[in-house]
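Q: The following file, protein.cif, comprises mmCIF, C-alpha atoms:
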data_coords
loop_
_atom_site.label_atom_id
_atom_site.label_comp_id
_atom_site.auth_asym_id
_atom_site.auth_seq_id
_atom_site.Cartn_x
_atom_site.Cartn_y
_atom_site.Cartn_z
CA MET A 6 109.92 82.40 135.25
CA LYS A 7 107.14 82.66 132.65
CA LYS A 8 105.67 79.17 132.54
CA VAL A 9 104.45 77.55 129.33
CA ILE A 10 100.64 77.61 129.20
CA SER A 11 100.23 75.71 125.94
CA ILE A 12 101.96 74.59 122.76
CA HIS A 13 100.11 74.70 119.45
CA ARG A 14 101.04 73.14 116.11
CA GLY A 15 100.24 75.14 113.02
CA PRO A 16 97.55 73.79 110.65
CA PRO A 17 98.42 72.53 107.15
CA ALA A 18 99.86 75.10 104.77
CA HIS A 19 97.60 77.14 102.51
CA TRP A 20 98.33 79.48 99.64
CA VAL A 21 98.10 83.25 99.95
CA GLY A 22 97.79 84.31 96.34
CA ASP A 23 100.06 82.14 94.22
CA GLY A 24 103.35 83.12 95.81
CA PHE A 25 103.21 82.43 99.53
CA HIS A 26 102.61 78.92 100.88
CA VAL A 27 102.13 79.52 104.59
CA ARG A 28 101.02 78.01 107.86
CA SER A 29 99.18 80.25 110.32
CA LEU A 30 100.94 79.62 113.63
CA PHE A 31 98.33 81.70 115.43
CA SER A 32 95.34 83.90 114.70
CA TYR A 33 93.16 86.31 116.64
CA ASP A 34 90.20 84.17 115.55
CA GLY A 35 89.69 82.26 118.79
CA GLN A 36 93.00 83.37 120.35
CA ALA A 37 92.59 87.15 120.49
CA ARG A 38 93.11 87.59 124.21
CA SER A 39 95.99 85.15 124.63
CA VAL A 40 98.06 86.60 121.76
CA SER A 41 97.26 90.35 122.17
CA PRO A 42 98.71 92.75 121.02
CA PHE A 43 99.54 90.41 118.14
CA LEU A 44 96.88 89.17 115.76
CA LEU A 45 98.31 86.61 113.36
CA LEU A 46 101.55 84.97 112.27
CA ASP A 47 101.95 83.28 108.89
CA TYR A 48 105.16 81.35 108.20
CA GLY A 49 106.18 80.23 104.74
CA ALA A 50 108.75 77.44 105.20
CA PRO A 51 111.51 77.15 102.57
CA GLU A 52 109.94 76.34 99.21
CA GLU A 53 111.50 76.07 95.76
CA PHE A 54 110.04 78.09 92.90
CA ALA A 55 110.99 77.43 89.28
CA PRO A 56 112.09 80.32 87.07
CA SER A 57 109.13 82.18 85.57
CA GLU A 58 108.24 85.29 83.59
CA GLN A 59 104.84 85.39 85.32
CA ARG A 60 104.56 87.44 88.53
CA ARG A 61 103.79 85.46 91.68
CA GLY A 62 102.26 86.87 94.82
CA VAL A 63 99.17 88.72 95.99
CA GLY A 64 97.56 91.50 93.96
CA GLU A 65 95.84 94.59 95.31
CA HIS A 66 94.06 94.10 98.63
CA PRO A 67 93.14 96.45 101.51
CA HIS A 68 93.90 96.58 105.24
CA ARG A 69 92.70 98.75 108.11
CA GLY A 70 93.23 98.80 111.86
CA PHE A 71 96.62 97.10 112.31
CA GLU A 72 100.19 96.69 111.05
CA THR A 73 101.84 94.01 108.92
CA VAL A 74 105.44 93.01 109.53
CA THR A 75 107.08 90.96 106.77
CA ILE A 76 110.41 89.26 107.53
CA ALA A 77 112.37 87.80 104.62
CA TYR A 78 114.59 84.81 105.39
CA GLN A 79 115.25 83.65 101.83
CA GLY A 80 114.19 85.07 98.46
CA GLY A 81 112.83 88.54 97.89
CA VAL A 82 109.48 90.28 98.37
CA GLU A 83 108.34 93.41 96.52
CA HIS A 84 105.75 95.80 97.97
CA SER A 85 103.78 98.80 96.68
CA ASP A 86 100.83 100.61 98.23
CA SER A 87 98.26 103.38 97.87
CA ALA A 88 100.34 105.75 100.02
CA GLY A 89 103.02 105.75 97.35
CA ASN A 90 105.46 103.45 99.15
CA HIS A 91 107.46 100.91 97.21
CA GLY A 92 110.21 98.60 98.39
CA THR A 93 111.92 95.26 97.94
CA ILE A 94 113.32 93.21 100.79
CA GLY A 95 115.79 90.33 100.70
CA PRO A 96 117.23 87.95 103.30
CA GLY A 97 117.28 89.57 106.73
CA ASP A 98 115.27 92.63 105.72
CA VAL A 99 111.90 93.66 107.21
CA GLN A 100 108.93 95.63 105.87
CA TRP A 101 106.81 97.21 108.61
CA MET A 102 103.59 98.58 107.13
CA THR A 103 101.11 100.52 109.25
CA ALA A 104 97.71 100.16 107.57
CA ALA A 105 95.91 102.13 110.33
CA SER A 106 93.11 104.19 108.69
CA GLY A 107 93.42 102.19 105.52
CA ILE A 108 95.77 101.19 102.76
CA VAL A 109 95.66 99.13 99.58
CA HIS A 110 98.83 97.22 98.78
CA GLU A 111 100.22 94.35 96.76
CA GLU A 112 102.98 91.87 97.56
CA TRP A 113 104.94 89.98 94.93
CA HIS A 114 108.04 87.89 94.60
CA GLU A 115 110.88 90.22 93.71
CA ARG A 116 111.17 90.43 89.91
CA GLU A 117 114.71 89.10 89.52
CA PHE A 118 113.98 86.29 91.98
CA THR A 119 110.95 85.34 89.87
CA ARG A 120 113.02 85.23 86.69
CA ARG A 121 115.83 83.11 88.12
CA GLY A 122 113.79 81.00 90.58
CA GLY A 123 115.00 79.85 93.97
CA THR A 124 114.03 79.29 97.59
CA MET A 125 111.43 81.49 99.28
CA GLU A 126 111.13 81.63 103.07
CA MET A 127 109.29 84.39 104.89
CA ALA A 128 107.08 85.26 107.84
CA GLN A 129 104.35 87.85 108.18
CA LEU A 130 103.15 89.11 111.55
CA TRP A 131 100.03 91.21 112.16
CA VAL A 132 100.26 93.65 115.08
CA ASN A 133 97.07 95.19 116.48
CA LEU A 134 96.61 98.91 117.03
CA PRO A 135 94.71 100.35 120.01
CA ALA A 136 91.43 102.09 119.16
CA LYS A 137 92.94 105.56 119.49
CA HIS A 138 95.44 104.77 116.70
CA LYS A 139 93.36 102.62 114.36
CA MET A 140 92.52 105.64 112.19
CA ALA A 141 96.02 107.13 112.21
CA ALA A 142 97.72 107.90 108.91
CA PRO A 143 99.23 104.89 107.08
CA ALA A 144 103.01 104.56 107.26
CA TYR A 145 105.82 102.35 105.98
CA GLN A 146 109.16 101.37 107.48
CA ASP A 147 111.75 99.79 105.18
CA ILE A 148 114.17 98.12 107.59
CA ARG A 149 117.39 96.77 106.13
CA SER A 150 119.22 93.84 107.69
CA ALA A 151 122.24 96.06 108.40
CA GLN A 152 120.04 98.32 110.57
CA ILE A 153 118.97 95.47 112.85
CA PRO A 154 121.23 94.97 115.90
CA VAL A 155 122.57 91.45 116.36
CA VAL A 156 123.35 90.35 119.92
CA ASP A 157 125.79 87.46 120.32
CA VAL A 158 124.49 85.07 122.98
CA GLY A 159 127.32 82.53 122.73
CA THR A 160 127.93 79.17 121.01
CA GLY A 161 127.47 80.83 117.62
CA SER A 162 123.90 81.81 118.52
CA SER A 163 122.46 85.31 118.19
CA VAL A 164 119.32 87.42 118.57
CA ARG A 165 118.33 90.07 116.01
CA VAL A 166 116.42 92.93 117.60
CA ILE A 167 113.76 94.05 115.11
CA ALA A 168 111.61 95.91 117.63
CA GLY A 169 111.94 96.68 121.32
CA GLU A 170 115.11 96.09 123.29
CA PHE A 171 117.28 93.08 124.09
CA ARG A 172 120.29 93.34 126.42
CA GLY A 173 120.63 97.05 125.73
CA ALA A 174 120.34 96.75 121.94
CA LYS A 175 117.35 98.67 120.56
CA GLY A 176 115.50 97.61 117.42
CA PRO A 177 114.90 100.13 114.63
CA ALA A 178 111.13 99.59 114.29
CA ARG A 179 108.84 102.33 115.58
CA THR A 180 105.82 100.90 117.41
CA PHE A 181 102.56 102.29 118.82
CA THR A 182 102.61 100.15 121.97
CA PRO A 183 105.45 98.47 123.88
CA ILE A 184 106.45 95.31 121.98
CA ASN A 185 109.52 93.19 121.38
CA VAL A 186 110.11 91.32 118.13
CA TRP A 187 113.29 89.26 118.36
CA ASP A 188 114.59 86.92 115.68
CA ALA A 189 116.62 84.29 117.54
CA ARG A 190 119.03 82.07 115.60
CA LEU A 191 120.26 79.31 117.88
CA LYS A 192 122.92 76.73 117.09
CA ALA A 193 122.53 73.16 118.38
CA GLY A 194 123.39 73.25 122.07
CA GLY A 195 122.89 76.99 122.23
CA ARG A 196 121.13 78.58 125.18
CA VAL A 197 119.61 82.02 125.66
CA GLU A 198 117.92 83.62 128.65
CA LEU A 199 115.14 86.02 127.77
CA ASP A 200 114.23 88.91 130.07
CA LEU A 201 110.56 89.77 129.48
CA PRO A 202 108.29 92.34 131.16
CA ASP A 203 105.97 91.05 133.86
CA GLY A 204 102.32 91.11 132.78
CA HIS A 205 103.08 91.16 129.06
CA THR A 206 102.14 88.54 126.49
CA ALA A 207 105.01 86.24 125.49
CA LEU A 208 104.90 83.98 122.42
CA LEU A 209 107.65 81.73 121.09
CA ALA A 210 107.13 80.80 117.44
CA VAL A 211 109.53 78.04 116.42
CA LEU A 212 110.05 78.32 112.68
CA ARG A 213 112.87 75.81 112.30
CA GLY A 214 114.56 73.25 114.51
CA LYS A 215 113.65 72.21 118.03
CA VAL A 216 114.01 73.96 121.38
CA SER A 217 113.32 73.25 125.03
CA ILE A 218 111.65 75.97 127.06
CA ASN A 219 112.55 76.46 130.72
CA GLY A 220 114.05 72.97 130.68
CA ASP A 221 110.76 71.10 130.80
CA GLU A 222 108.75 71.80 127.61
CA SER A 223 109.77 71.43 123.99
CA ALA A 224 108.57 72.86 120.68
CA GLY A 225 109.48 71.99 117.10
CA PRO A 226 108.99 73.39 113.60
CA ALA A 227 105.78 75.39 113.03
CA GLU A 228 104.85 75.19 116.73
CA LEU A 229 103.86 78.07 118.99
CA ALA A 230 104.45 78.21 122.74
CA ILE A 231 102.24 80.61 124.70
CA LEU A 232 103.75 81.63 128.03
CA GLU A 233 101.91 83.00 131.03
CA ARG A 234 102.02 86.76 131.47
CA ALA A 235 103.27 86.62 135.04
CA GLY A 236 107.02 86.39 135.46
CA THR A 237 110.00 88.04 133.83
CA ARG A 238 112.17 85.28 132.42
CA ALA A 239 112.26 82.37 129.98
CA VAL A 240 115.11 80.13 128.88
CA LEU A 241 115.52 78.56 125.45
CA GLU A 242 117.90 75.70 124.68
CA ALA A 243 118.33 74.37 121.15
CA GLY A 244 118.42 70.62 120.59
CA GLU A 245 119.32 71.36 116.97
CA ASP A 246 119.88 74.49 114.92
CA ALA A 247 116.72 76.56 115.38
CA THR A 248 115.06 79.82 114.36
CA VAL A 249 112.61 81.21 116.92
CA LEU A 250 110.57 84.38 116.60
CA VAL A 251 110.12 85.82 120.10
CA LEU A 252 107.04 88.04 120.34
CA ASN A 253 106.39 89.96 123.52
CA GLY A 254 104.12 92.93 124.16
CA GLU A 255 101.72 94.84 126.35
CA PRO A 256 98.20 93.43 125.84
CA ILE A 257 95.57 95.71 124.31
CA ASP A 258 92.49 95.24 126.47
CA GLU A 259 89.89 96.16 123.84
CA PRO A 260 87.39 94.24 121.71
CA VAL A 261 88.82 92.64 118.58
CA VAL A 262 86.41 92.44 115.65
CA GLY A 263 87.91 91.27 112.40
CA TYR A 264 86.68 90.25 108.99
CA GLY A 265 89.05 89.43 106.15
CA PRO A 266 91.60 92.24 105.75
CA PHE A 267 90.16 94.52 108.43
CA VAL A 268 90.56 94.37 112.24
CA MET A 269 88.64 96.95 114.26
CA ASN A 270 86.72 97.18 117.55
CA THR A 271 83.07 96.99 116.42
CA PRO A 272 81.03 95.43 113.60
CA ASP A 273 79.98 98.93 112.48
CA GLU A 274 83.63 99.85 111.99
CA ILE A 275 84.13 96.74 109.84
CA ARG A 276 81.14 97.66 107.69
CA GLN A 277 82.52 101.17 107.30
CA ALA A 278 85.91 99.78 106.25
CA PHE A 279 84.31 97.71 103.47
CA SER A 280 82.26 100.71 102.36
CA ASP A 281 85.36 102.91 102.23
CA PHE A 282 87.28 100.28 100.24
CA HIS A 283 84.52 99.63 97.71
CA SER A 284 83.96 103.35 97.18
CA GLY A 285 87.67 103.82 96.40
CA ARG A 286 88.46 105.92 99.47
CA LEU A 287 91.43 103.70 100.35
CA GLY A 288 93.01 104.31 96.93
CA GLN A 289 94.98 101.94 94.72
CA ALA A 290 98.41 100.37 94.95
CA ARG A 291 100.98 102.20 92.88
CA ALA A 292 103.41 99.74 91.34
#
Using structure tokens, write down the structure that the file contains.
A:
Amino acid sequence: MKKVISIHRGPPAHWVGDGFHVRSLFSYDGQARSVSPFLLLDYGAPEEFAPSEQRRGVGEHPHRGFETVTIAYQGGVEHSDSAGNHGTIGPGDVQWMTAASGIVHEEWHEREFTRRGGTMEMAQLWVNLPAKHKMAAPAYQDIRSAQIPVVDVGTGSSVRVIAGEFRGAKGPARTFTPINVWDARLKAGGRVELDLPDGHTALLAVLRGKVSINGDESAGPAELAILERAGTRAVLEAGEDATVLVLNGEPIDEPVVGYGPFVMNTPDEIRQAFSDFHSGRLGQARA
């Protein structure tokens, strides 16, 4: 059994641009080793937006050295980047962007959603890249909800396999290192046993509802449970309807040096990233 090491409550929400009101459930700043190979998780709880003709979101900004994974629960998110990728995701869809050697992108509320208004709920995960892949070519995976396997775990509960493998179902996301990203939707009274690799990081991000972990710890909305790496099993039981993002992966045992939109291994690499961005070498987003 992977025992619970600690449970953390996310800080107050902050705005990213003018479209995403999020809480950072964890960050590599101060937690790099315990959350590796993951870097950050922002969760935007359900929030109502009035109809508008003005775009809402985050304009052009760069990234280097990692991947961003955006999961839409409600509403729609539109993406464009300097590699020529463009896509819009709605409920259940996922955008998996590999910044790697460098990309400039922008993220907005989907245009029709902006015009009609409605509820926005989303999560964005940052996944680190090992040094040997940090300067790989940028890439983009547009993963539709219909592509994501859904495993029935009983009592109306299910697990969506975005990346990795769960009970023989393989997620569609291509990854650089072994990771699992599972989107668990548990009904009140539901129970699921998670088989997790020994020695790998295991994080349970409770987005909604309340769950007990291994029968003796509990976590509620916007709380993160960090499990020990030893062991191969964890059990979740839902006291009420719950959404839990299960993040599990092989740790990357390398220095983590980050500043703003860049995460590399040395301060010199960060300085080079800023130089490349300001000189235009990372390009411009193409709407």
Q: Check the smallest atom-to-atom distance from each of A:Glu274, A:Glu222, A:Asp258, A:Glu245 to Ile10 in chain A using all atoms listed in the file, then report the winner.
A: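 Closest to Ile10 in chain A, using all atoms listed in the file: A:Glu222.
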Q: Build an axis-aligned box that encloses every atom of range 71-76 of chain A listed in the file, pad it by 4 Å on each side, and report its centre and edge lengths in Å to one decimal, as AutoDock Vina command-line options.
A:
--center_x 103.5 --center_y 93.2 --center_z 109.5 --size_x 21.8 --size_y 15.8 --size_z 13.5
Q: Report as an mmCIF file with C-alpha atoms, in the frame of the given file the residues that result from applying the PyMOL selection byres ((chain A and resi 139) around 8) to the structure here.
A:
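The resulting selection09.cif:
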data_model
loop_
_atom_site.group_PDB
_atom_site.id
_atom_site.type_symbol
_atom_site.label_atom_id
_atom_site.label_comp_id
_atom_site.auth_asym_id
_atom_site.auth_seq_id
_atom_site.Cartn_x
_atom_site.Cartn_y
_atom_site.Cartn_z
ATOM 1 C CA ARG A 69 92.700 98.750 108.110
ATOM 2 C CA GLY A 70 93.230 98.800 111.860
ATOM 3 C CA PHE A 71 96.620 97.100 112.310
ATOM 4 C CA ALA A 105 95.910 102.130 110.330
ATOM 5 C CA SER A 106 93.110 104.190 108.690
ATOM 6 C CA LEU A 134 96.610 98.910 117.030
ATOM 7 C CA PRO A 135 94.710 100.350 120.010
ATOM 8 C CA ALA A 136 91.430 102.090 119.160
ATOM 9 C CA LYS A 137 92.940 105.560 119.490
ATOM 10 C CA HIS A 138 95.440 104.770 116.700
ATOM 11 C CA MET A 140 92.520 105.640 112.190
ATOM 12 C CA ALA A 141 96.020 107.130 112.210
ATOM 13 C CA MET A 269 88.640 96.950 114.260
#
Q: Let me know the residues the PyMOL selection byres ((chain A and resi 113-128) around 9) catches in the file above, as a ChimeraX atom specification.
A: /A:24-25,27,46-64,74-84,93-96,111-112,129-130,212
Q: Excluding Pro143 in chain A and any residue of its chain fewer than 3 positions from it, enumerate the residues within 8 Å of it, using only C-alpha atoms, and give them as a VMD selection string.
A: chain A and resid 88 102 to 108
Q: Would you please work out which residue, of A:Ala18, A:Ile167, A:Ala37, A:Val132, is nearest to Glu72 in chain A when using all atoms listed in the file?
A: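 Distance minimum relative to Glu72 in chain A lands on A:Val132.
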Q: Go through range 30-50 of chain A residue by residue and, counting all atoms listed in the file, keep those with an atom at most 12 Å from range 169-184 of chain A; for each kept residue give the shortest atom pair and its distance in Å to one decimal, ordered by chain and increasing number, as a Markdown table.
A:
| residue | atom | partner | partner_atom | distance |
| --- | --- | --- | --- | --- |
| A:Ser41 | CA | A:Ile184 | CA | 10.4 |
| A:Pro42 | CA | A:Ile184 | CA | 8.2 |
| A:Phe43 | CA | A:Ile184 | CA | 9.3 |
Q: So that I can look at just that part, could you write range 87-157 of chain A with C-alpha atoms, as a PDB file, in the first residue's frame?
A:
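Listing of part-v7.pdb after writing:
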ATOM      1  CA  SER A  87       4.061  29.260 -33.171  1.00  0.00           C
ATOM      2  CA  ALA A  88       4.377  25.737 -34.595  1.00  0.00           C
ATOM      3  CA  GLY A  89       1.182  26.297 -36.556  1.00  0.00           C
ATOM      4  CA  ASN A  90      -1.089  24.211 -34.336  1.00  0.00           C
ATOM      5  CA  HIS A  91      -4.628  25.337 -33.652  1.00  0.00           C
ATOM      6  CA  GLY A  92      -7.399  23.555 -31.801  1.00  0.00           C
ATOM      7  CA  THR A  93     -10.483  23.932 -29.649  1.00  0.00           C
ATOM      8  CA  ILE A  94     -11.409  21.542 -26.859  1.00  0.00           C
ATOM      9  CA  GLY A  95     -14.735  21.072 -25.102  1.00  0.00           C
ATOM     10  CA  PRO A  96     -15.939  18.957 -22.173  1.00  0.00           C
ATOM     11  CA  GLY A  97     -13.861  15.802 -21.837  1.00  0.00           C
ATOM     12  CA  ASP A  98     -11.253  16.803 -24.414  1.00  0.00           C
ATOM     13  CA  VAL A  99      -7.518  17.248 -23.722  1.00  0.00           C
ATOM     14  CA  GLN A 100      -4.786  19.375 -25.317  1.00  0.00           C
ATOM     15  CA  TRP A 101      -1.287  17.975 -24.773  1.00  0.00           C
ATOM     16  CA  MET A 102       1.310  20.524 -25.872  1.00  0.00           C
ATOM     17  CA  THR A 103       5.013  19.713 -25.854  1.00  0.00           C
ATOM     18  CA  ALA A 104       6.873  23.022 -25.559  1.00  0.00           C
ATOM     19  CA  ALA A 105      10.311  21.324 -25.409  1.00  0.00           C
ATOM     20  CA  SER A 106      12.825  23.556 -27.267  1.00  0.00           C
ATOM     21  CA  GLY A 107      10.391  26.424 -27.235  1.00  0.00           C
ATOM     22  CA  ILE A 108       6.967  27.533 -28.334  1.00  0.00           C
ATOM     23  CA  VAL A 109       4.832  30.654 -28.147  1.00  0.00           C
ATOM     24  CA  HIS A 110       1.116  30.059 -27.710  1.00  0.00           C
ATOM     25  CA  GLU A 111      -2.116  31.681 -26.645  1.00  0.00           C
ATOM     26  CA  GLU A 112      -5.132  30.240 -24.847  1.00  0.00           C
ATOM     27  CA  TRP A 113      -8.608  31.733 -25.035  1.00  0.00           C
ATOM     28  CA  HIS A 114     -12.162  30.863 -24.197  1.00  0.00           C
ATOM     29  CA  GLU A 115     -13.682  29.268 -27.270  1.00  0.00           C
ATOM     30  CA  ARG A 116     -15.327  31.982 -29.397  1.00  0.00           C
ATOM     31  CA  GLU A 117     -18.905  30.688 -29.324  1.00  0.00           C
ATOM     32  CA  PHE A 118     -18.650  30.021 -25.584  1.00  0.00           C
ATOM     33  CA  THR A 119     -17.532  33.631 -25.109  1.00  0.00           C
ATOM     34  CA  ARG A 120     -20.487  34.963 -27.090  1.00  0.00           C
ATOM     35  CA  ARG A 121     -23.124  32.902 -25.285  1.00  0.00           C
ATOM     36  CA  GLY A 122     -21.503  32.768 -21.813  1.00  0.00           C
ATOM     37  CA  GLY A 123     -21.647  29.806 -19.469  1.00  0.00           C
ATOM     38  CA  THR A 124     -19.698  27.724 -16.982  1.00  0.00           C
ATOM     39  CA  MET A 125     -15.952  27.224 -17.363  1.00  0.00           C
ATOM     40  CA  GLU A 126     -14.138  24.427 -15.532  1.00  0.00           C
ATOM     41  CA  MET A 127     -10.678  23.238 -16.498  1.00  0.00           C
ATOM     42  CA  ALA A 128      -7.346  21.947 -15.234  1.00  0.00           C
ATOM     43  CA  GLN A 129      -3.850  22.451 -16.568  1.00  0.00           C
ATOM     44  CA  LEU A 130      -0.972  20.147 -15.669  1.00  0.00           C
ATOM     45  CA  TRP A 131       2.710  20.807 -16.379  1.00  0.00           C
ATOM     46  CA  VAL A 132       4.823  17.709 -17.030  1.00  0.00           C
ATOM     47  CA  ASN A 133       8.618  17.962 -16.859  1.00  0.00           C
ATOM     48  CA  LEU A 134      10.927  16.699 -19.583  1.00  0.00           C
ATOM     49  CA  PRO A 135      14.280  15.040 -18.853  1.00  0.00           C
ATOM     50  CA  ALA A 136      17.355  17.021 -19.938  1.00  0.00           C
ATOM     51  CA  LYS A 137      17.896  14.898 -23.036  1.00  0.00           C
ATOM     52  CA  HIS A 138      14.438  15.879 -24.353  1.00  0.00           C
ATOM     53  CA  LYS A 139      14.161  19.499 -23.220  1.00  0.00           C
ATOM     54  CA  MET A 140      15.362  20.757 -26.611  1.00  0.00           C
ATOM     55  CA  ALA A 141      13.285  18.336 -28.684  1.00  0.00           C
ATOM     56  CA  ALA A 142      10.982  19.702 -31.367  1.00  0.00           C
ATOM     57  CA  PRO A 143       7.662  21.154 -30.118  1.00  0.00           C
ATOM     58  CA  ALA A 144       4.589  18.985 -30.664  1.00  0.00           C
ATOM     59  CA  TYR A 145       0.833  19.053 -30.132  1.00  0.00           C
ATOM     60  CA  GLN A 146      -1.668  16.300 -29.372  1.00  0.00           C
ATOM     61  CA  ASP A 147      -5.361  17.092 -29.816  1.00  0.00           C
ATOM     62  CA  ILE A 148      -7.092  14.361 -27.811  1.00  0.00           C
ATOM     63  CA  ARG A 149     -10.852  14.079 -28.185  1.00  0.00           C
ATOM     64  CA  SER A 150     -13.032  12.706 -25.406  1.00  0.00           C
ATOM     65  CA  ALA A 151     -14.110   9.813 -27.639  1.00  0.00           C
ATOM     66  CA  GLN A 152     -10.458   8.699 -27.926  1.00  0.00           C
ATOM     67  CA  ILE A 153     -10.025   8.379 -24.153  1.00  0.00           C
ATOM     68  CA  PRO A 154     -10.831   4.897 -22.782  1.00  0.00           C
ATOM     69  CA  VAL A 155     -13.338   4.829 -19.933  1.00  0.00           C
ATOM     70  CA  VAL A 156     -13.044   1.965 -17.445  1.00  0.00           C
ATOM     71  CA  ASP A 157     -16.161   1.130 -15.419  1.00  0.00           C
TER      72      ASP A 157
END
